[in-house]
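Raw contents of query02.csv, CSV, C-alpha atoms:
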chain,number,residue,atom,x,y,z
Y,1,MET,CA,56.2,57.8,93.2
Y,2,VAL,CA,55.6,60.7,95.7
Y,3,HIS,CA,57.8,63.7,96.2
Y,4,ASP,CA,56.9,66.7,98.4
Y,5,GLU,CA,58.5,70.0,97.9
Y,6,LEU,CA,58.0,73.6,99.1
Y,7,CYS,CA,58.0,76.2,96.4
Y,8,TYR,CA,58.5,80.0,96.7
Y,9,SER,CA,56.5,82.9,95.2
Y,10,PRO,CA,57.1,86.6,96.0
Y,11,SER,CA,53.4,87.2,95.7
Y,12,LEU,CA,50.1,85.6,96.6
Y,13,VAL,CA,49.2,86.1,92.9
Y,14,VAL,CA,49.9,82.4,92.5
Y,15,LYS,CA,46.5,81.7,94.1
Y,16,LYS,CA,45.1,83.2,90.9
Y,17,TYR,CA,46.7,80.4,88.9
Y,18,PHE,CA,46.5,77.4,91.2
Y,19,ASN,CA,44.1,75.7,93.6
Y,20,ALA,CA,45.1,73.8,96.7
Y,21,GLU,CA,44.3,70.1,96.7
Y,22,GLN,CA,44.2,69.9,93.0
Y,23,TYR,CA,46.1,67.7,90.5
Y,24,TYR,CA,47.8,69.2,87.4
Y,25,SER,CA,49.5,67.5,84.5
Y,26,LEU,CA,53.2,68.0,84.8
Y,27,SER,CA,53.2,70.2,81.6
Y,28,LYS,CA,50.3,72.3,82.8
Y,29,PHE,CA,51.9,72.8,86.2
Y,30,VAL,CA,55.2,74.0,84.6
Y,31,ALA,CA,53.4,76.3,82.2
Y,32,LEU,CA,51.2,77.8,85.0
Y,33,SER,CA,54.3,78.1,87.2
Y,34,ARG,CA,56.1,80.1,84.6
Y,35,THR,CA,53.1,82.4,84.2
Y,36,ALA,CA,52.4,82.8,87.9
Y,37,LEU,CA,56.0,83.3,89.0
Y,38,GLN,CA,56.5,85.8,86.2
Y,39,ASP,CA,53.4,87.7,87.3
Y,40,GLY,CA,54.7,87.7,90.9
Y,41,SER,CA,58.1,88.9,89.8
Y,42,ASP,CA,56.5,91.7,87.7
Y,43,ARG,CA,54.6,92.8,90.8
Y,44,VAL,CA,57.8,93.0,92.8
Y,45,LYS,CA,59.4,95.0,89.9
Y,46,ALA,CA,56.5,97.4,89.8
Y,47,GLN,CA,56.7,98.0,93.6
Y,48,PHE,CA,60.5,98.0,94.1
Y,49,GLY,CA,62.0,98.7,90.7
Y,50,PHE,CA,63.6,95.3,90.1
Y,51,PRO,CA,62.4,91.8,89.4
Y,52,CYS,CA,62.5,89.0,92.0
Y,53,SER,CA,65.6,86.9,91.4
Y,54,LYS,CA,64.4,84.3,93.9
Y,55,THR,CA,61.4,83.7,91.6
Y,56,LEU,CA,63.7,82.9,88.7
Y,57,GLY,CA,65.6,80.4,90.9
Y,58,GLN,CA,62.3,78.8,91.9
Y,59,LEU,CA,61.2,78.5,88.3
Y,60,LYS,CA,64.6,76.8,87.4
Y,61,ILE,CA,64.0,74.3,90.3
Y,62,ILE,CA,60.5,73.5,89.0
Y,63,GLU,CA,61.7,73.1,85.4
Y,64,ASP,CA,64.7,70.9,86.5
Y,65,LYS,CA,62.4,68.7,88.6
Y,66,ALA,CA,59.9,68.4,85.8
Y,67,LYS,CA,62.6,67.0,83.5
Y,68,LYS,CA,63.2,64.2,86.0
Y,69,TYR,CA,59.6,63.1,85.7
Y,70,SER,CA,58.9,63.9,82.1
Y,71,ASN,CA,59.6,60.3,81.0
Y,72,LEU,CA,56.7,58.9,83.0
Y,73,SER,CA,53.5,58.1,81.0
Y,74,ASP,CA,51.2,60.6,82.7
Y,75,PRO,CA,53.1,62.6,85.4
Y,76,LYS,CA,50.9,64.6,87.7
Y,77,VAL,CA,51.6,67.3,90.3
Y,78,ARG,CA,49.4,67.9,93.3
Y,79,LEU,CA,49.4,71.3,94.9
Y,80,LEU,CA,48.8,70.5,98.6
Y,81,LYS,CA,48.4,73.9,100.1
Y,82,PHE,CA,49.5,77.5,100.2
Y,83,ILE,CA,51.6,78.7,103.1
Y,84,ASP,CA,51.2,82.4,103.7
Y,85,VAL,CA,54.3,83.8,105.3
Y,86,GLN,CA,54.0,87.2,107.0
Y,87,PRO,CA,56.9,89.6,106.4
Y,88,THR,CA,59.1,90.2,109.4
Y,89,GLU,CA,60.2,93.7,110.3
Structure re-expressed in structure tokens:
Amino acid sequence: MVHDELCYSPSLVVKKYFNAEQYYSLSKFVALSRTALQDGSDRVKAQFGFPCSKTLGQLKIIEDKAKKYSNLSDPKVRLLKFIDVQPTE
């Protein structure tokens, strides 16, 4: 079963936690996502004074999707690539 999805992070700090073209166990992917997205949100808070609410939404999406696949015997997640989006002015 293959399912592709784009995920959002407010910071490129996620590259500290993940590698493109790598497989992760589902549980490890969810745990790393929590840590990476919290780190990114904390960076937003340090810079702007408030956490990134979009990050919390992304984490909920990841956790909800993970529940759908948690009944599989050895679910894996493959991070295909990072898409760096330049801010618009």
d(atom CA of Leu6 of chain Y, atom CA of Val44 of chain Y) in Å
20.4 Å
Could you check the closest approach to Lys65 of chain Y for each of Y:Ser9, Y:Ala36, Y:Lys45, Y:Val77 and tell me which residue wins, using all atoms listed in the file?
Y:Val77
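Residue neighbourhood of Phe29 of chain Y, excluding near-sequence residues (fewer than 5 positions): Val14, Tyr17, Phe18, Asn19, Gln22, Tyr23, Tyr24, Arg34, Thr35, Ala36, Leu37, Leu59, Ile62, Glu63, Lys65, Ala66, Pro75, Lys76, Val77, Arg78 and Leu79 of chain Y, at 12 Å, using only C-alpha atoms.
When atom CA of Asp84 of chain Y is paired with atom CA of Leu56 of chain Y, their separation reads 19.5 Å.
Pairwise distance (atom CA of Ser11 of chain Y, atom CA of Lys67 of chain Y) equals 25.3 Å.
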Taking all atoms listed in the file into account, which of Y:Ala31, Y:Glu5, Y:Gln38, Y:Tyr69 comes nearest Lys54 of chain Y?
Y:Gln38
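Each of Y:Ser41, Y:Asn71, Y:Lys81, Y:Leu26 was compared to Gly57 of chain Y using only C-alpha atoms, and Y:Ser41 turns out to be the nearest.
Restricting the calculation to all atoms listed in the file, the smallest distance between Val13 of chain Y and any of Y:Ser25, Y:Val30, Y:Lys60, Y:Arg43 is found for Y:Arg43.
You can rank Y:Lys28, Y:Leu12, Y:Ser53, Y:Glu21 by their closest distance to Gly40 of chain Y using all atoms listed in the file, and at the top of that list sits Y:Leu12.
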My structure is short of atoms at segment 29-59 of chain Y; please model N, CA and C atoms there, returning them as a short mmCIF file (atom, residue, chain, number, x, y, z; two decimals), in the frame of the given file.
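part-v1.cif was written with the following content:
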data_model
loop_
_atom_site.label_atom_id
_atom_site.label_comp_id
_atom_site.auth_asym_id
_atom_site.auth_seq_id
_atom_site.Cartn_x
_atom_site.Cartn_y
_atom_site.Cartn_z
N PHE Y 29 51.34 72.19 84.99
CA PHE Y 29 51.90 72.80 86.20
C PHE Y 29 53.11 73.65 85.88
N VAL Y 30 53.99 73.17 85.00
CA VAL Y 30 55.20 74.00 84.60
C VAL Y 30 54.76 75.23 83.91
N ALA Y 31 53.82 75.12 82.98
CA ALA Y 31 53.40 76.30 82.20
C ALA Y 31 52.71 77.32 83.18
N LEU Y 32 51.84 76.85 84.08
CA LEU Y 32 51.20 77.80 85.00
C LEU Y 32 52.23 78.36 85.99
N SER Y 33 53.22 77.58 86.36
CA SER Y 33 54.30 78.10 87.20
C SER Y 33 55.03 79.23 86.57
N ARG Y 34 55.37 79.05 85.30
CA ARG Y 34 56.10 80.10 84.60
C ARG Y 34 55.24 81.40 84.57
N THR Y 35 53.97 81.27 84.25
CA THR Y 35 53.10 82.40 84.20
C THR Y 35 52.91 83.07 85.56
N ALA Y 36 52.62 82.26 86.56
CA ALA Y 36 52.40 82.80 87.90
C ALA Y 36 53.61 83.42 88.52
N LEU Y 37 54.76 82.76 88.38
CA LEU Y 37 56.00 83.30 89.00
C LEU Y 37 56.43 84.57 88.22
N GLN Y 38 56.22 84.62 86.91
CA GLN Y 38 56.50 85.80 86.20
C GLN Y 38 55.64 86.98 86.62
N ASP Y 39 54.36 86.68 86.80
CA ASP Y 39 53.40 87.70 87.30
C ASP Y 39 53.84 88.19 88.66
N GLY Y 40 54.22 87.29 89.55
CA GLY Y 40 54.70 87.70 90.90
C GLY Y 40 55.93 88.53 90.82
N SER Y 41 56.87 88.15 89.98
CA SER Y 41 58.10 88.90 89.80
C SER Y 41 57.83 90.29 89.24
N ASP Y 42 56.90 90.37 88.29
CA ASP Y 42 56.50 91.70 87.70
C ASP Y 42 55.91 92.58 88.77
N ARG Y 43 55.16 92.01 89.69
CA ARG Y 43 54.60 92.80 90.80
C ARG Y 43 55.67 93.36 91.69
N VAL Y 44 56.67 92.53 91.96
CA VAL Y 44 57.80 93.00 92.80
C VAL Y 44 58.52 94.12 92.03
N LYS Y 45 58.72 93.94 90.73
CA LYS Y 45 59.40 95.00 89.90
C LYS Y 45 58.61 96.28 89.94
N ALA Y 46 57.30 96.19 89.83
CA ALA Y 46 56.50 97.40 89.80
C ALA Y 46 56.57 98.13 91.18
N GLN Y 47 56.68 97.38 92.25
CA GLN Y 47 56.70 98.00 93.60
C GLN Y 47 58.12 98.45 93.97
N PHE Y 48 59.15 97.67 93.62
CA PHE Y 48 60.50 98.00 94.10
C PHE Y 48 61.49 98.37 93.03
N GLY Y 49 61.11 98.25 91.76
CA GLY Y 49 62.00 98.70 90.70
C GLY Y 49 62.89 97.60 90.12
N PHE Y 50 62.81 96.40 90.63
CA PHE Y 50 63.60 95.30 90.10
C PHE Y 50 62.86 94.00 90.26
N PRO Y 51 63.11 93.05 89.35
CA PRO Y 51 62.40 91.80 89.40
C PRO Y 51 62.90 90.92 90.59
N CYS Y 52 62.16 89.92 90.93
CA CYS Y 52 62.50 89.00 92.00
C CYS Y 52 63.41 87.90 91.54
N SER Y 53 64.69 87.94 91.89
CA SER Y 53 65.60 86.90 91.40
C SER Y 53 65.31 85.54 92.06
N LYS Y 54 64.72 85.55 93.26
CA LYS Y 54 64.40 84.30 93.90
C LYS Y 54 63.31 83.53 93.09
N THR Y 55 62.46 84.29 92.43
CA THR Y 55 61.40 83.70 91.60
C THR Y 55 62.06 82.93 90.41
N LEU Y 56 63.06 83.56 89.79
CA LEU Y 56 63.70 82.90 88.70
C LEU Y 56 64.41 81.61 89.13
N GLY Y 57 64.97 81.63 90.34
CA GLY Y 57 65.60 80.40 90.90
C GLY Y 57 64.54 79.34 91.15
N GLN Y 58 63.37 79.74 91.66
CA GLN Y 58 62.30 78.80 91.90
C GLN Y 58 61.83 78.15 90.61
N LEU Y 59 61.68 78.97 89.59
CA LEU Y 59 61.20 78.50 88.30
C LEU Y 59 62.24 77.45 87.74
#
